[in-house]
$ cat structure_10.cif   # mmCIF, C-alpha atoms
data_start
#
loop_
_atom_site.group_PDB
_atom_site.id
_atom_site.type_symbol
_atom_site.label_atom_id
_atom_site.label_comp_id
_atom_site.auth_asym_id
_atom_site.auth_seq_id
_atom_site.Cartn_x
_atom_site.Cartn_y
_atom_site.Cartn_z
ATOM 1 C CA MET A 1148 -12.963 30.903 -4.150
ATOM 2 C CA CYS A 1149 -13.166 27.167 -4.912
ATOM 3 C CA SER A 1150 -10.149 25.014 -4.176
ATOM 4 C CA LYS A 1151 -9.477 22.042 -6.469
ATOM 5 C CA VAL A 1152 -7.314 20.188 -3.963
ATOM 6 C CA LEU A 1153 -8.700 16.944 -2.547
ATOM 7 C CA ARG A 1154 -8.779 16.817 1.210
ATOM 8 C CA ILE A 1155 -8.716 13.853 3.590
ATOM 9 C CA GLY A 1156 -12.518 14.031 3.946
ATOM 10 C CA ASP A 1157 -12.889 13.656 0.174
ATOM 11 C CA PHE A 1158 -10.804 10.470 0.230
ATOM 12 C CA ILE A 1159 -12.904 9.094 3.101
ATOM 13 C CA ILE A 1160 -16.146 9.756 1.187
ATOM 14 C CA ILE A 1161 -14.755 8.213 -2.009
ATOM 15 C CA THR A 1162 -13.582 5.139 -0.072
ATOM 16 C CA LEU A 1163 -16.976 4.751 1.607
ATOM 17 C CA VAL A 1164 -18.800 5.023 -1.725
ATOM 18 C CA LEU A 1165 -16.522 2.385 -3.307
ATOM 19 C CA LEU A 1166 -16.967 0.059 -0.306
ATOM 20 C CA LEU A 1167 -20.735 0.470 -0.468
ATOM 21 C CA ALA A 1168 -20.706 -0.272 -4.208
ATOM 22 C CA GLY A 1169 -18.653 -3.418 -3.537
ATOM 23 C CA VAL A 1170 -21.071 -4.592 -0.846
ATOM 24 C CA VAL A 1171 -24.047 -4.053 -3.160
ATOM 25 C CA ALA A 1172 -22.351 -5.827 -6.120
ATOM 26 C CA ALA A 1173 -20.935 -8.790 -4.145
ATOM 27 C CA PRO A 1174 -24.095 -10.944 -4.109
ATOM 28 C CA PHE A 1175 -24.372 -10.672 -7.900
ATOM 29 C CA VAL A 1176 -20.716 -11.430 -8.557
ATOM 30 C CA LEU A 1177 -20.318 -14.214 -5.988
ATOM 31 C CA ALA A 1178 -23.670 -15.944 -6.584
ATOM 32 C CA PRO A 1179 -23.296 -19.434 -8.042
ATOM 33 C CA SER A 1180 -24.197 -19.632 -11.694
ATOM 34 C CA ASN A 1181 -27.320 -21.513 -12.653
ATOM 35 C CA ALA A 1182 -27.122 -24.921 -14.229
ATOM 36 C CA LEU A 1183 -27.035 -24.856 -18.002
ATOM 37 C CA TYR A 1184 -29.034 -27.326 -20.097
ATOM 38 C CA CYS A 1185 -28.950 -28.215 -23.783
ATOM 39 C CA GLU A 1186 -32.368 -28.907 -25.263
ATOM 40 C CA ILE A 1187 -32.681 -30.595 -28.637
ATOM 41 C CA HIS A 1188 -36.062 -30.270 -30.357
ATOM 42 C CA ARG A 1189 -37.241 -31.965 -33.556
ATOM 43 C CA ASP A 1190 -40.565 -31.055 -35.170
ATOM 44 C CA GLY A 1191 -41.406 -28.948 -32.114
ATOM 45 C CA ALA A 1192 -41.024 -31.850 -29.672
ATOM 46 C CA LEU A 1193 -38.269 -32.153 -27.071
ATOM 47 C CA VAL A 1194 -35.980 -35.020 -28.082
ATOM 48 C CA GLN A 1195 -33.298 -34.715 -25.425
ATOM 49 C CA ARG A 1196 -32.379 -32.461 -22.478
ATOM 50 C CA ILE A 1197 -28.832 -32.651 -21.169
ATOM 51 C CA ARG A 1198 -27.301 -30.859 -18.193
ATOM 52 C CA LEU A 1199 -23.980 -29.372 -19.251
ATOM 53 C CA ALA A 1200 -21.002 -29.882 -16.949
ATOM 54 C CA GLU A 1201 -17.256 -29.361 -17.071
ATOM 55 C CA GLY A 1202 -15.532 -32.296 -18.726
ATOM 56 C CA TYR A 1203 -18.691 -33.734 -20.338
ATOM 57 C CA THR A 1204 -18.375 -34.284 -24.086
ATOM 58 C CA ASN A 1205 -20.706 -36.004 -26.507
ATOM 59 C CA VAL A 1206 -21.787 -35.972 -30.147
ATOM 60 C CA ILE A 1207 -25.472 -36.601 -30.792
ATOM 61 C CA ARG A 1208 -26.949 -37.448 -34.182
ATOM 62 C CA VAL A 1209 -30.432 -36.003 -34.669
ATOM 63 C CA GLU A 1210 -32.457 -37.304 -37.581
ATOM 64 C CA GLY A 1211 -34.518 -34.466 -39.004
ATOM 65 C CA GLU A 1212 -37.248 -33.956 -41.568
ATOM 66 C CA HIS A 1213 -34.938 -34.293 -44.586
ATOM 67 C CA GLY A 1214 -31.615 -35.379 -43.130
ATOM 68 C CA TYR A 1215 -29.491 -35.240 -40.016
ATOM 69 C CA ASP A 1216 -27.654 -32.863 -37.694
ATOM 70 C CA LEU A 1217 -24.639 -33.653 -35.507
ATOM 71 C CA VAL A 1218 -24.745 -31.774 -32.207
ATOM 72 C CA GLN A 1219 -21.462 -31.576 -30.307
ATOM 73 C CA ILE A 1220 -21.399 -30.927 -26.573
ATOM 74 C CA ASP A 1221 -18.068 -29.806 -25.146
ATOM 75 C CA SER A 1222 -18.264 -29.048 -21.416
ATOM 76 C CA LYS A 1223 -20.523 -25.998 -21.185
ATOM 77 C CA ARG A 1224 -20.843 -25.174 -24.861
ATOM 78 C CA VAL A 1225 -22.835 -26.712 -27.705
ATOM 79 C CA ALA A 1226 -22.742 -26.466 -31.508
ATOM 80 C CA ILE A 1227 -24.246 -28.092 -34.552
ATOM 81 C CA ILE A 1228 -21.014 -29.241 -36.173
ATOM 82 C CA GLU A 1229 -22.425 -31.000 -39.229
ATOM 83 C CA ALA A 1230 -25.686 -31.060 -41.127
ATOM 84 C CA ASP A 1231 -26.723 -32.272 -44.542
ATOM 85 C CA CYS A 1232 -28.947 -29.265 -45.222
ATOM 86 C CA PRO A 1233 -28.037 -27.085 -48.227
ATOM 87 C CA ASP A 1234 -27.660 -23.684 -46.510
ATOM 88 C CA GLN A 1235 -25.525 -24.702 -43.464
ATOM 89 C CA VAL A 1236 -26.818 -21.746 -41.400
ATOM 90 C CA CYS A 1237 -27.099 -23.986 -38.337
ATOM 91 C CA VAL A 1238 -23.427 -24.972 -38.600
ATOM 92 C CA GLN A 1239 -22.338 -21.375 -39.164
ATOM 93 C CA THR A 1240 -24.114 -20.305 -35.960
ATOM 94 C CA GLY A 1241 -21.117 -21.638 -34.041
ATOM 95 C CA TRP A 1242 -20.848 -22.376 -30.327
ATOM 96 C CA LEU A 1243 -23.703 -21.651 -27.959
ATOM 97 C CA THR A 1244 -22.426 -20.713 -24.498
ATOM 98 C CA ARG A 1245 -25.216 -18.806 -22.685
ATOM 99 C CA ALA A 1246 -28.798 -19.551 -21.734
ATOM 100 C CA GLY A 1247 -31.192 -18.244 -24.367
ATOM 101 C CA GLN A 1248 -28.931 -18.900 -27.361
ATOM 102 C CA SER A 1249 -30.099 -21.293 -30.066
ATOM 103 C CA ALA A 1250 -29.132 -22.832 -33.394
ATOM 104 C CA VAL A 1251 -31.869 -23.751 -35.868
ATOM 105 C CA CYS A 1252 -31.790 -26.088 -38.847
ATOM 106 C CA LEU A 1253 -34.949 -25.206 -40.766
ATOM 107 C CA PRO A 1254 -34.747 -27.862 -43.483
ATOM 108 C CA ASN A 1255 -34.406 -30.636 -40.879
ATOM 109 C CA ARG A 1256 -36.750 -28.914 -38.378
ATOM 110 C CA VAL A 1257 -34.181 -29.213 -35.569
ATOM 111 C CA ILE A 1258 -33.635 -26.636 -32.817
ATOM 112 C CA VAL A 1259 -30.765 -26.739 -30.330
ATOM 113 C CA LYS A 1260 -31.011 -24.250 -27.497
ATOM 114 C CA LEU A 1261 -29.429 -23.564 -24.142
ATOM 115 C CA THR A 1262 -31.586 -22.979 -21.108
ATOM 116 C CA GLY A 1263 -30.794 -22.234 -17.486
ATOM 117 C CA THR A 1264 -32.598 -23.290 -14.349
ATOM 118 C CA ALA A 1265 -33.516 -19.689 -13.594
ATOM 119 C CA ASP A 1266 -35.598 -19.267 -16.722
ATOM 120 C CA THR A 1267 -38.129 -21.998 -15.930
ATOM 121 C CA ASN A 1268 -41.462 -21.007 -14.396
ATOM 122 C CA GLU A 1269 -40.431 -17.474 -13.525
ATOM 123 C CA VAL A 1270 -42.482 -14.397 -14.274
ATOM 124 C CA ASP A 1271 -40.702 -11.847 -16.466
ATOM 125 C CA ALA A 1272 -43.249 -9.071 -16.069
ATOM 126 C CA ILE A 1273 -46.830 -8.406 -15.128
ATOM 127 C CA VAL A 1274 -48.743 -6.043 -17.373
ATOM 128 C CA GLY A 1275 -52.023 -4.496 -16.374
ATOM 129 C CA SER A 1276 -54.285 -1.757 -17.559
ATOM 130 C CA VAL A 1277 -55.267 1.371 -15.703
ATOM 131 C CA GLY A 1278 -58.759 2.618 -15.681
#
$ encode --input "structure_10.cif" --output "structure tokens"
Amino acid sequence: MCSKVLRIGDFIIITLVLLLAGVVAAPFVLAPSNALYCEIHRDGALVQRIRLAEGYTNVIRVEGEHGYDLVQIDSKRVAIIEADCPDQVCVQTGWLTRAGQSAVCLPNRVIVKLTGTADTNEVDAIVGSVG
């Protein structure tokens, strides 16, 4: 017959598994986060690249194809807060907080995106063919 009572050995195994999981996860949790950069592009060309840091604030006016965009930097987040384009999609995008996020103003041909130091010059994958 099978007993459903946990014994002292079961608690030892569970504790060891949890400790091992903590040891494996610690380098990922405790690793310092990569630097975060705001890149502002106009007509496909990089206009400005700013390293984001706690306490840094700025508002940057970017003249676009048919108007302007105001980009606000507030510590480690960025948003297009004002634009004179008709659709306002770039303003409605809201705050960008993580590397890889972007806000695009198509009428003014302005792109604001966040990048991290880890995503420069690294290989994502290598694809090959067999045969």
$ residues_around --input "structure_10.cif" --residues "stretch 1245-1254 of chain A" --least-positions-apart "2" --cutoff "10 Å" --atoms "all atoms listed in the file" --output "ChimeraX atom specification"
/A:1181-1190,1211-1216,1223-1227,1230-1243,1256-1266
$ residues_around --input "structure_10.cif" --residues "A:Leu1217" --least-positions-apart "3" --cutoff "9 Å" --atoms "all atoms listed in the file" --output "ChimeraX atom specification"
/A:1206-1210,1226-1230
$ atom_distance --input "structure_10.cif" --atom1 "atom CA of A:Leu1199" --atom2 "atom CA of A:Ser1222"
6.1 Å
$ atom_distance --input "structure_10.cif" --atom1 "atom CA of A:Ile1160" --atom2 "atom CA of A:Pro1174"
22.8 Å
$ axis_aligned_box --input "structure_10.cif" --around "stretch 1220-1225 of chain A" --padding-each-side "6 Å" --output "lines of an AutoDock Vina configuration file"
center_x = -20.5
center_y = -28.1
center_z = -24.4
size_x = 16.8
size_y = 17.8
size_z = 18.5
$ atom_distance --input "structure_10.cif" --atom1 "atom CA of A:Asp1221" --atom2 "atom CA of A:Thr1204"
4.6 Å
